[in-house]
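A.B. asks: The file below is query-v2.cif, mmCIF, C-alpha atoms:
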data_protein
#
loop_
_atom_site.group_PDB
_atom_site.id
_atom_site.type_symbol
_atom_site.label_atom_id
_atom_site.label_comp_id
_atom_site.auth_asym_id
_atom_site.auth_seq_id
_atom_site.Cartn_x
_atom_site.Cartn_y
_atom_site.Cartn_z
ATOM 1 C CA MET A 1 -50.746 -31.308 14.303
ATOM 2 C CA THR A 2 -51.527 -31.908 17.999
ATOM 3 C CA VAL A 3 -50.316 -35.215 19.438
ATOM 4 C CA ASP A 4 -50.996 -36.728 22.855
ATOM 5 C CA THR A 5 -47.408 -37.392 23.936
ATOM 6 C CA ALA A 6 -48.547 -39.961 26.520
ATOM 7 C CA ALA A 7 -50.154 -42.098 23.811
ATOM 8 C CA ALA A 8 -48.002 -41.074 20.852
ATOM 9 C CA TYR A 9 -44.425 -40.241 19.970
ATOM 10 C CA PRO A 10 -43.648 -36.577 19.307
ATOM 11 C CA VAL A 11 -43.852 -35.465 15.682
ATOM 12 C CA THR A 12 -40.710 -33.768 14.412
ATOM 13 C CA PRO A 13 -39.158 -33.097 11.001
ATOM 14 C CA ARG A 14 -37.181 -36.309 11.501
ATOM 15 C CA ASN A 15 -40.130 -38.714 11.833
ATOM 16 C CA ARG A 16 -42.985 -36.841 10.151
ATOM 17 C CA VAL A 17 -44.490 -38.902 7.313
ATOM 18 C CA LYS A 18 -43.942 -36.790 4.205
ATOM 19 C CA ARG A 19 -45.712 -38.798 1.477
ATOM 20 C CA LEU A 20 -49.251 -40.205 1.797
ATOM 21 C CA HIS A 21 -49.355 -38.814 5.314
ATOM 22 C CA GLU A 22 -52.844 -40.258 5.852
ATOM 23 C CA ARG A 23 -51.191 -43.690 6.129
ATOM 24 C CA GLY A 24 -48.958 -42.504 8.953
ATOM 25 C CA SER A 25 -49.411 -42.839 12.694
ATOM 26 C CA TYR A 26 -47.323 -41.764 15.665
ATOM 27 C CA ASP A 27 -49.411 -43.729 18.151
ATOM 28 C CA ARG A 28 -47.239 -45.804 20.494
ATOM 29 C CA ALA A 29 -49.560 -48.799 20.362
ATOM 30 C CA ALA A 30 -49.552 -48.779 16.543
ATOM 31 C CA VAL A 31 -45.745 -48.560 16.365
ATOM 32 C CA HIS A 32 -45.261 -51.227 19.028
ATOM 33 C CA ALA A 33 -47.663 -53.655 17.328
ATOM 34 C CA ILE A 34 -45.618 -53.500 14.116
ATOM 35 C CA LEU A 35 -42.339 -53.914 15.998
ATOM 36 C CA ASP A 36 -43.643 -56.777 18.129
ATOM 37 C CA ALA A 37 -44.841 -58.779 15.114
ATOM 38 C CA ALA A 38 -41.240 -58.865 13.838
ATOM 39 C CA MET A 39 -37.997 -60.565 14.758
ATOM 40 C CA LEU A 40 -35.726 -59.066 12.103
ATOM 41 C CA CYS A 41 -35.032 -55.355 11.666
ATOM 42 C CA HIS A 42 -32.574 -53.132 9.814
ATOM 43 C CA VAL A 43 -30.456 -50.641 11.756
ATOM 44 C CA ALA A 44 -29.157 -47.671 9.761
ATOM 45 C CA TYR A 45 -26.265 -45.460 10.816
ATOM 46 C CA VAL A 46 -23.344 -43.538 9.302
ATOM 47 C CA ILE A 47 -19.627 -44.264 9.702
ATOM 48 C CA ASP A 48 -17.217 -41.639 8.354
ATOM 49 C CA GLY A 49 -19.819 -40.337 5.931
ATOM 50 C CA GLN A 50 -20.699 -43.792 4.572
ATOM 51 C CA PRO A 51 -24.265 -44.994 5.268
ATOM 52 C CA TYR A 52 -24.873 -48.601 6.341
ATOM 53 C CA ALA A 53 -28.076 -50.574 6.966
ATOM 54 C CA THR A 54 -27.502 -53.807 8.869
ATOM 55 C CA PRO A 55 -30.085 -56.586 9.342
ATOM 56 C CA THR A 56 -30.219 -58.002 12.869
ATOM 57 C CA LEU A 57 -32.541 -59.603 15.406
ATOM 58 C CA PHE A 58 -34.074 -57.188 17.902
ATOM 59 C CA TRP A 59 -36.609 -56.999 20.712
ATOM 60 C CA ARG A 60 -38.565 -54.317 22.572
ATOM 61 C CA LYS A 61 -38.825 -53.697 26.297
ATOM 62 C CA GLY A 62 -41.133 -50.749 26.927
ATOM 63 C CA ASP A 63 -39.806 -47.832 24.872
ATOM 64 C CA THR A 64 -36.325 -49.355 24.583
ATOM 65 C CA LEU A 65 -35.145 -51.449 21.644
ATOM 66 C CA TYR A 66 -32.313 -53.953 22.020
ATOM 67 C CA TRP A 67 -30.182 -55.829 19.511
ATOM 68 C CA HIS A 68 -27.010 -57.841 19.822
ATOM 69 C CA GLY A 69 -24.223 -59.415 17.851
ATOM 70 C CA SER A 70 -20.560 -60.321 17.782
ATOM 71 C CA SER A 71 -18.107 -58.049 19.575
ATOM 72 C CA ALA A 72 -16.168 -57.950 16.266
ATOM 73 C CA SER A 73 -19.109 -56.385 14.383
ATOM 74 C CA ARG A 74 -18.324 -53.072 12.659
ATOM 75 C CA MET A 75 -21.792 -51.748 13.488
ATOM 76 C CA LEU A 76 -21.570 -52.656 17.157
ATOM 77 C CA ARG A 77 -18.044 -51.282 17.550
ATOM 78 C CA HIS A 78 -19.209 -47.994 16.035
ATOM 79 C CA LEU A 79 -22.312 -47.736 18.230
ATOM 80 C CA LYS A 80 -20.410 -48.259 21.476
ATOM 81 C CA ALA A 81 -19.787 -44.551 21.894
ATOM 82 C CA GLY A 82 -23.457 -43.686 21.445
ATOM 83 C CA THR A 83 -24.556 -42.502 18.028
ATOM 84 C CA PRO A 84 -27.766 -41.562 16.191
ATOM 85 C CA ALA A 85 -29.414 -44.609 14.656
ATOM 86 C CA CYS A 86 -32.608 -45.500 12.840
ATOM 87 C CA LEU A 87 -34.239 -48.922 13.282
ATOM 88 C CA THR A 88 -36.871 -50.024 10.770
ATOM 89 C CA VAL A 89 -39.250 -52.961 10.426
ATOM 90 C CA ALA A 90 -41.541 -53.810 7.494
ATOM 91 C CA HIS A 91 -44.165 -56.500 6.859
ATOM 92 C CA LEU A 92 -45.465 -57.355 3.380
ATOM 93 C CA ASP A 93 -49.197 -58.163 3.641
ATOM 94 C CA GLY A 94 -50.435 -58.205 0.067
ATOM 95 C CA LEU A 95 -49.624 -57.797 -3.620
ATOM 96 C CA VAL A 96 -51.934 -55.228 -5.228
ATOM 97 C CA LEU A 97 -52.486 -55.643 -8.989
ATOM 98 C CA ALA A 98 -54.231 -52.764 -10.721
ATOM 99 C CA ARG A 99 -55.322 -52.067 -14.310
ATOM 100 C CA SER A 100 -52.315 -49.824 -14.903
ATOM 101 C CA GLY A 101 -48.683 -50.273 -13.990
ATOM 102 C CA PHE A 102 -48.722 -46.933 -12.175
ATOM 103 C CA ASN A 103 -51.414 -48.088 -9.712
ATOM 104 C CA HIS A 104 -49.825 -51.422 -8.814
ATOM 105 C CA SER A 105 -48.920 -51.381 -5.140
ATOM 106 C CA ALA A 106 -48.501 -53.490 -2.002
ATOM 107 C CA ASN A 107 -50.223 -53.726 1.348
ATOM 108 C CA TYR A 108 -47.713 -53.366 4.158
ATOM 109 C CA ARG A 109 -47.033 -52.323 7.746
ATOM 110 C CA SER A 110 -43.840 -50.476 8.588
ATOM 111 C CA ALA A 111 -42.289 -48.720 11.569
ATOM 112 C CA MET A 112 -39.322 -46.363 11.715
ATOM 113 C CA CYS A 113 -37.729 -45.573 15.088
ATOM 114 C CA PHE A 114 -35.104 -42.938 15.866
ATOM 115 C CA GLY A 115 -32.843 -42.638 18.892
ATOM 116 C CA THR A 116 -29.294 -42.728 20.204
ATOM 117 C CA ALA A 117 -27.859 -46.229 20.329
ATOM 118 C CA ARG A 118 -25.680 -47.033 23.335
ATOM 119 C CA LEU A 119 -23.562 -49.942 24.449
ATOM 120 C CA VAL A 120 -24.985 -51.935 27.374
ATOM 121 C CA GLU A 121 -21.977 -52.018 29.700
ATOM 122 C CA ASP A 122 -23.520 -52.891 33.065
ATOM 123 C CA ALA A 123 -22.812 -56.601 33.619
ATOM 124 C CA ASP A 124 -26.194 -57.391 35.172
ATOM 125 C CA GLU A 125 -28.116 -55.509 32.449
ATOM 126 C CA LYS A 126 -26.101 -57.317 29.793
ATOM 127 C CA ILE A 127 -26.812 -60.803 31.212
ATOM 128 C CA GLU A 128 -30.491 -59.896 31.586
ATOM 129 C CA ALA A 129 -30.588 -58.764 27.957
ATOM 130 C CA MET A 130 -28.923 -61.993 26.814
ATOM 131 C CA ARG A 131 -31.648 -63.934 28.624
ATOM 132 C CA ASP A 132 -34.350 -61.605 27.302
ATOM 133 C CA VAL A 133 -33.498 -62.219 23.642
ATOM 134 C CA VAL A 134 -34.431 -65.876 24.223
ATOM 135 C CA GLU A 135 -37.343 -65.235 26.594
ATOM 136 C CA ARG A 136 -38.932 -62.624 24.354
ATOM 137 C CA PHE A 137 -39.280 -65.040 21.423
ATOM 138 C CA TYR A 138 -39.524 -68.378 23.257
ATOM 139 C CA PRO A 139 -41.503 -67.824 26.498
ATOM 140 C CA GLY A 140 -40.216 -69.838 29.463
ATOM 141 C CA ARG A 141 -37.233 -71.238 27.559
ATOM 142 C CA SER A 142 -34.430 -69.348 29.324
ATOM 143 C CA ALA A 143 -35.151 -71.236 32.579
ATOM 144 C CA LEU A 144 -34.576 -74.548 30.762
ATOM 145 C CA LEU A 145 -31.179 -73.641 29.319
ATOM 146 C CA ARG A 146 -27.695 -74.018 30.748
ATOM 147 C CA PRO A 147 -26.280 -70.781 32.230
ATOM 148 C CA ILE A 148 -24.590 -68.227 29.972
ATOM 149 C CA THR A 149 -20.813 -68.639 30.159
ATOM 150 C CA GLN A 150 -18.349 -65.830 30.792
ATOM 151 C CA GLN A 151 -16.842 -66.386 27.336
ATOM 152 C CA GLU A 152 -20.269 -66.119 25.673
ATOM 153 C CA ALA A 153 -20.975 -62.859 27.502
ATOM 154 C CA LYS A 154 -17.553 -61.492 26.489
ATOM 155 C CA ALA A 155 -18.123 -62.430 22.833
ATOM 156 C CA THR A 156 -21.515 -60.700 22.730
ATOM 157 C CA THR A 157 -22.213 -56.991 22.465
ATOM 158 C CA ILE A 158 -25.633 -55.646 23.414
ATOM 159 C CA ILE A 159 -26.929 -52.321 22.088
ATOM 160 C CA ALA A 160 -29.909 -50.436 23.532
ATOM 161 C CA MET A 161 -31.783 -47.525 21.997
ATOM 162 C CA GLU A 162 -34.513 -45.527 23.672
ATOM 163 C CA ILE A 163 -37.172 -44.660 21.093
ATOM 164 C CA GLU A 164 -37.096 -40.854 20.949
ATOM 165 C CA GLU A 165 -39.289 -40.497 17.855
ATOM 166 C CA ALA A 166 -41.115 -43.041 15.719
ATOM 167 C CA ALA A 167 -43.713 -43.376 12.989
ATOM 168 C CA ALA A 168 -45.812 -46.212 11.627
ATOM 169 C CA LYS A 169 -47.004 -46.330 8.029
ATOM 170 C CA VAL A 170 -49.637 -48.788 6.802
ATOM 171 C CA ARG A 171 -51.407 -49.586 3.549
ATOM 172 C CA ALA A 172 -54.293 -52.025 4.047
ATOM 173 C CA LYS A 173 -56.783 -51.611 1.234
ATOM 174 C CA GLY A 174 -57.753 -52.864 -2.208
ATOM 175 C CA VAL A 175 -57.016 -51.703 -5.736
ATOM 176 C CA GLY A 176 -56.710 -47.950 -6.198
ATOM 177 C CA ASP A 177 -57.349 -47.630 -9.923
ATOM 178 C CA ASP A 178 -58.297 -44.443 -11.734
ATOM 179 C CA GLU A 179 -62.080 -44.242 -12.100
ATOM 180 C CA ALA A 180 -61.958 -44.535 -15.896
ATOM 181 C CA ASP A 181 -59.883 -47.742 -15.682
ATOM 182 C CA PHE A 182 -62.469 -49.784 -13.759
ATOM 183 C CA ALA A 183 -64.330 -50.464 -17.035
ATOM 184 C CA LEU A 184 -61.264 -52.055 -18.679
ATOM 185 C CA PRO A 185 -61.366 -55.867 -19.167
ATOM 186 C CA ILE A 186 -58.195 -56.408 -17.119
ATOM 187 C CA TRP A 187 -58.009 -58.596 -13.996
ATOM 188 C CA ALA A 188 -57.202 -56.664 -10.831
ATOM 189 C CA GLY A 189 -57.141 -57.619 -7.177
ATOM 190 C CA VAL A 190 -55.075 -58.327 -4.087
ATOM 191 C CA ILE A 191 -52.976 -61.442 -3.405
ATOM 192 C CA PRO A 192 -52.629 -61.735 0.405
ATOM 193 C CA VAL A 193 -49.169 -62.527 1.803
ATOM 194 C CA THR A 194 -48.627 -64.263 5.159
ATOM 195 C CA THR A 195 -45.574 -65.883 6.739
ATOM 196 C CA VAL A 196 -46.750 -69.341 7.827
ATOM 197 C CA LEU A 197 -44.958 -71.626 10.279
ATOM 198 C CA GLY A 198 -43.903 -75.047 9.021
ATOM 199 C CA GLU A 199 -43.443 -78.469 10.573
ATOM 200 C CA VAL A 200 -40.926 -78.639 13.429
ATOM 201 C CA GLN A 201 -37.575 -80.213 12.475
ATOM 202 C CA THR A 202 -36.234 -81.966 15.576
ATOM 203 C CA CYS A 203 -32.465 -82.024 16.133
ATOM 204 C CA PRO A 204 -31.240 -85.528 15.174
ATOM 205 C CA ARG A 205 -29.042 -85.632 18.289
ATOM 206 C CA LEU A 206 -31.872 -84.926 20.722
ATOM 207 C CA VAL A 207 -31.732 -86.997 23.924
ATOM 208 C CA ALA A 208 -34.386 -89.720 23.817
ATOM 209 C CA GLY A 209 -37.697 -88.829 25.445
ATOM 210 C CA VAL A 210 -37.251 -85.039 25.327
ATOM 211 C CA GLU A 211 -40.400 -83.269 24.107
ATOM 212 C CA PRO A 212 -40.889 -79.649 22.964
ATOM 213 C CA PRO A 213 -41.659 -77.393 25.976
ATOM 214 C CA GLU A 214 -45.141 -75.981 26.450
ATOM 215 C CA GLY A 215 -43.952 -72.447 25.700
ATOM 216 C CA LEU A 216 -43.369 -73.360 22.055
ATOM 217 C CA SER A 217 -47.078 -74.047 21.541
ATOM 218 C CA ILE A 218 -47.455 -70.497 20.177
ATOM 219 C CA PHE A 219 -45.487 -71.672 17.108
ATOM 220 C CA ALA A 220 -48.196 -74.064 15.908
ATOM 221 C CA GLU A 221 -47.716 -75.623 12.478
ATOM 222 C CA ASN A 222 -49.555 -73.632 9.777
ATOM 223 C CA GLY A 223 -49.983 -70.754 12.216
ATOM 224 C CA SER A 224 -49.051 -67.162 11.461
ATOM 225 C CA LEU A 225 -45.581 -65.975 12.475
ATOM 226 C CA ASP A 226 -47.055 -62.529 13.238
ATOM 227 C CA ASP A 227 -49.528 -64.046 15.694
ATOM 228 C CA ALA A 228 -46.856 -66.180 17.350
ATOM 229 C CA LEU A 229 -44.488 -63.248 17.858
ATOM 230 C CA LEU A 230 -47.263 -61.011 19.211
ATOM 231 C CA ALA A 231 -48.292 -63.756 21.635
ATOM 232 C CA GLY A 232 -44.665 -64.114 22.715
ATOM 233 C CA GLN A 233 -44.391 -60.372 23.347
ATOM 234 C CA ARG A 234 -47.498 -60.441 25.562
ATOM 235 C CA LEU A 235 -46.090 -63.317 27.610
ATOM 236 C CA TYR A 236 -42.721 -61.542 27.812
ATOM 237 C CA GLU A 237 -44.362 -58.353 29.115
ATOM 238 C CA ASP A 238 -46.433 -60.310 31.640
ATOM 239 C CA GLY A 239 -43.159 -61.712 32.953
#
Show me this structure written as structure tokens.

C.D. replies:
Amino acid sequence: MTVDTAAAYPVTPRNRVKRLHERGSYDRAAVHAILDAAMLCHVAYVIDGQPYATPTLFWRKGDTLYWHGSSASRMLRHLKAGTPACLTVAHLDGLVLARSGFNHSANYRSAMCFGTARLVEDADEKIEAMRDVVERFYPGRSALLRPITQQEAKATTIIAMEIEEAAAKVRAKGVGDDEADFALPIWAGVIPVTTVLGEVQTCPRLVAGVEPPEGLSIFAENGSLDDALLAGQRLYEDG
């Protein structure tokens, strides 16, 4: 398989899609779109032969993924030295009901990224990353906040991982029944799934007269979370 390495991640035994390979893609834009529509990921790694998969918030800056947490975290303490890690994201887009149990399925988008996780130790890079985690999801908000304190910076660990290899896998189609089953009098179809934003719940201790900032307009009530996060990523990249 020939891959344009400028537009796609290299294909190796580690990231090659083994099953239903026609659903796979190594295209950077395809992988990034799935990552950027998410806020929560799972990071997998091994400590002393025991596998762990930890859910955490993350964000992307170019080909680098960042996540953060408490300095007391087992995962973050382990990753300080630099270790192989795998970060995954998945979106559920539809429930697929077929005429047989075997052909029931789901529509989804997923991305799997491999690299070596490292501790962000440079003080300036760390403070920038702590601002970025807010700015990436809530455009323009970091400028409105009080400065990060020394204690907050000390209590926070930031991990960065350059994406060395990655793959996207997507199912976005209807029922895949066996040909003979289409004549059966059994209902089949797809139930779409979308994460929808709800009504804003204002803090009861808000200072009188304070209104939501303009940057939060991307999180419109009844809007799609995917769309809001993708819009936030575009604003974040535009700086």

A.B. asks: Applying 10 Å and only C-alpha atoms, which residues near stretch 168-173 of chain A remain after dropping the ones on its own chain fewer than 2 positions away? List them as an NGL selection string.

C.D. replies: :A and (15-17 or 20-35 or 88-94 or 96 or 105-113 or 166 or 175-176 or 190)

A.B. asks: One decimal, in Å: what's the spacing between atom CA of A:Thr149 and atom CA of A:Trp67?

C.D. replies: 19.1 Å

A.B. asks: Measuring between all atoms listed in the file, which one of A:Trp187, A:Val207, A:Ile148, A:Thr194 shows the shortest distance to A:Leu97?

C.D. replies: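 The answer is A:Trp187, which sits nearest to A:Leu97.
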
A.B. asks: Compile the contact shell of stretch 54-59 of chain A as a VMD selection string: residues with an atom at most 6 Å away, counting all atoms listed in the file, same-chain residues fewer than 2 positions apart removed.

C.D. replies: chain A and resid 39 to 43 65 to 67

A.B. asks: For C-alpha atoms, I'd like the residues from the last selection saved as a compact mmCIF listing (two decimals), in the coordinates of the input.

C.D. replies:
# COMPACT_ATOMS: atom_id res chain seq x y z
CA MET A 39 -38.00 -60.56 14.76
CA LEU A 40 -35.73 -59.07 12.10
CA CYS A 41 -35.03 -55.36 11.67
CA HIS A 42 -32.57 -53.13 9.81
CA VAL A 43 -30.46 -50.64 11.76
CA LEU A 65 -35.15 -51.45 21.64
CA TYR A 66 -32.31 -53.95 22.02
CA TRP A 67 -30.18 -55.83 19.51

A.B. asks: Would you please work out which residue, of A:Ala155, A:Gly82, A:Tyr45, A:Glu221, is nearest to A:Gln201 when using all atoms listed in the file?

C.D. replies: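 When distances to A:Gln201 are compared using all atoms listed in the file, the smallest one comes from A:Glu221.
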
A.B. asks: Which residues, named as in the file, does the PyMOL selection byres ((chain A and resi 85) around 12) pick out? Answer as a PyMOL selection string.

C.D. replies: chain A and resi 14+42-47+51-54+65+75-76+78-80+82-84+86-88+112-118+159-166

A.B. asks: Skip A:Glu237 itself and residues of its chain fewer than 2 positions away, then list as a list in words all residues within 10 Å of it, counting all atoms listed in the file.

C.D. replies: Arg60, Lys61, Gly62, Arg136, Gly232, Gln233, Arg234, Leu235 and Gly239 of chain A

A.B. asks: Could you tell me how far atom CA of A:Gly223 sits from atom CA of A:Thr202, in Å to one decimal place?

C.D. replies: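 Those two atoms sit 18.1 Å apart.
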